[in-house]
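Notes for the one structure printed next.
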Amino acid sequence: MKRNFYTFAALVIAATTAFAQESSFADLMKAPAEVTPATEEDVIWTPPCVEEGHSYEMVFEIGCKGFTRTGLTDVEFDSPNGGRGIIVADTRSYKYYIKNPLPRTHIGSYIEGTLVEEGDNVYIECQLPQWLNAREASNQGVKMVVGRKIVNPDGMIFYDPVTTAEENVIRYVMTEDEGFVLEFDDPELAVVATYAYLDEEGDGIFAGAAIERVKYSDPGDKTPVTMPEGVTAQKWGMIYSNGLRVHNVQCGIQDDKVYLAGVAPQFPENCVVGTINGETITFEANQYLGETETTYEYLVFNKAKFISSSDRGDVYNFEGDLLPSCEAVYDATAHTISCPMDEAWFCNAGTGHLYYADFWVGPMFMPDMGGAATPSDPEILEWMEYMPAVGYGGFIADLPLLGTNGEILSPEFYTYIVYFDGEPFTFTPEEYPGVPEPMTEIPYNFEDGEVEDFRVEGTNHIICWRADGYESFGIQGVYTYDGVTNKSNVVSQELEGAAVKGNHIDYPEVRDVKFYDLTGREVINPENGIYIKRINFVGGKSISEKVVINRK
């Protein structure tokens, strides 16, 4: 598995089925027999096997329920607002499992709890610490614990694990009005993730993910809009300004309504709806787009301000309150829909604030007219040289579905070529087991399943290689329509250093570098040990990372 590499693309594959239910909270808590009871042959829960370095894995689930997760206090590290919590009820053992207990962190992990009934008080109690994952190869894992907040003089927040088993307990309390509420009597406590060594007692160091107080409420019926029956959908493209970007959508018009399917590429069948009034189309905010494994996603809008400076590089700032709608210009003759260039569309978790998976600045929609075209040059976003320790290298490239003259391109006519040292590279089944036959031209949407050498996310392509000894790699788009083939330029990148690189990322000037111990105290001259390293840049930007200092 190439998860270390895939994290830069933020790819999440939802492998769990959430069962639609009409049951109440009490029904779920009781795990009634009507909820497809398991047989003795079914494997419900595979506990973590830390000695063998295994992660948590749920092989078979029943009684799943998705909830809208909302923060009740300001959470410093990982906002839960708009998140999707899943509670798994085991009808055989009456055990309960909280899936993804930390939002967008350690996706696919679980913690185990027990149903407790004390009169009218019903809750799921989880005794911590519990492992979220563990890797034998690195002798490290991540535990979920209860921690106490520490704020150091520089304003950095840490969480120090509590010291007693009585404190290291969390409860998801069932309430009649709000669903489940995770809360602490002490406002300085939080549920946190910590790094830990498998052969070491104790709960490790703070890993940068925390929940202080949160409620899980029933989201009710959530059904995204799909293309209505009788509406003829046409191939269109969505072009946007944050980079030379475009992806395919489907457009259908019925009476005064415009339906755009696939605005969020992860939900290709689900529609955004606009209302036509003369030369204006109004798109209302907060349209439901669909669910991921960890979130309920909505369409929201906000103002976008482009900033280019020596301090911050080229970035977009999103300021002010979310907008109630977006007013687009509709040209019925040219068949185009153009949104204001200073407004951005977001695929966003929830509707209360910006917590987005993707955004599109000043989007414009236009039809795919067909015909031959020359594809725009790809853009190499991230790359990693071949690393013998992990057995692969690779890169992420954006292949815009846009011709050099503004044409919308179709993936079915698009292939691409990978180059090493200026020569086309052929991927063979002997070396790349997910490839069905030798391929020099890779189909645009080709993926190889569990092998994961080829992955596609919208217009972003992830290619992993097992090739070593080269000085450069490159990629070229190829578009063949009705027997006419046109190619983009070959976009190349020199290989140097065995580390993840970004060919367009340029951090501003470093102001200072500080070290902190695991309690948040600044250390002027750090000796051997584990520290939090904070790099402060001119202009206010800063990044923090865990480092191990070992001076011989």
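Every chain in the structure tokens has a letter given in the order shown (A, B, ...), and although residue numbers restart at 1 in each chain, ligands are simply numbered from 1 in the order shown.
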
Non-local contacts of region 255-271 of chain A (7 Å; only C-alpha atoms; under 5 positions in same chain excluded) as a PyMOL selection string: chain A and resi 224-227+249-250+276+289-290+347+458

Per-residue nearest contacts of region 171-284 of chain A to region 460-481 of chain A (12 Å; only C-alpha atoms) as a Markdown table:
| residue | atom | partner | partner_atom | distance |
| --- | --- | --- | --- | --- |
| A:Arg245 | CA | A:Asn460 | CA | 10.0 |
| A:Val246 | CA | A:Asn460 | CA | 10.7 |
| A:His247 | CA | A:Asn460 | CA | 10.0 |
| A:Pro265 | CA | A:Asn460 | CA | 10.7 |

Give me the residues near Pro101 (chain A) as a PyMOL selection string, where near means some atom within 8 Å (using only C-alpha atoms) and where sequence neighbours in that chain fewer than 3 positions away do not count. chain A and resi 85+98+109-111

Please provide as an MDAnalysis selection string all residues within 12 Å of Ile253 (chain A), with the sequence filter that same-chain residues fewer than 6 positions apart are discarded (counting only C-alpha atoms). chainID A and resid 227:234 259:261 271:276 281 332 335

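The smallest atom-to-atom distance between Phe306 (chain A) and any of A:Asn152, A:Gln287, A:Asn248, A:Ser241, using only C-alpha atoms, is found for A:Ser241.
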
If I take CA of Tyr444 (chain A) and CA of Asn486 (chain A), how far is one from the other in Å, to one decimal? 14.7 Å

Spatial neighbours of Cys339 (chain A), 7 Å, only C-alpha atoms, chain gap at least 5 places, as a PDB file with N, CA and C atoms, in the first residue's frame:
ATOM      1  N   GLU A 327     -24.616  34.429  -8.488  1.00  0.00           N
ATOM      2  CA  GLU A 327     -25.327  34.893  -9.681  1.00  0.00           C
ATOM      3  C   GLU A 327     -24.402  34.748 -10.888  1.00  0.00           C
ATOM      4  N   ALA A 328     -24.755  33.872 -11.825  1.00  0.00           N
ATOM      5  CA  ALA A 328     -23.941  33.612 -13.004  1.00  0.00           C
ATOM      6  C   ALA A 328     -24.589  34.225 -14.243  1.00  0.00           C
ATOM      7  N   VAL A 329     -23.754  34.567 -15.218  1.00  0.00           N
ATOM      8  CA  VAL A 329     -24.234  35.107 -16.495  1.00  0.00           C
ATOM      9  C   VAL A 329     -24.502  33.948 -17.443  1.00  0.00           C
ATOM     10  N   GLY A 362     -14.149  31.277  -9.735  1.00  0.00           N
ATOM     11  CA  GLY A 362     -14.730  31.839 -10.952  1.00  0.00           C
ATOM     12  C   GLY A 362     -15.066  30.811 -12.001  1.00  0.00           C
ATOM     13  N   PRO A 363     -15.797  29.742 -11.669  1.00  0.00           N
ATOM     14  CA  PRO A 363     -16.019  28.691 -12.662  1.00  0.00           C
ATOM     15  C   PRO A 363     -16.837  29.163 -13.864  1.00  0.00           C
ATOM     16  N   MET A 364     -16.501  28.585 -15.016  1.00  0.00           N
ATOM     17  CA  MET A 364     -17.241  28.822 -16.268  1.00  0.00           C
ATOM     18  C   MET A 364     -17.608  27.461 -16.841  1.00  0.00           C
TER      19      MET A 364
END

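Each of A:Ile532, A:Leu115, A:Leu402, A:Val181 was checked against Thr68 (chain A) using only C-alpha atoms; the smallest atom-to-atom distance is that of A:Val181.
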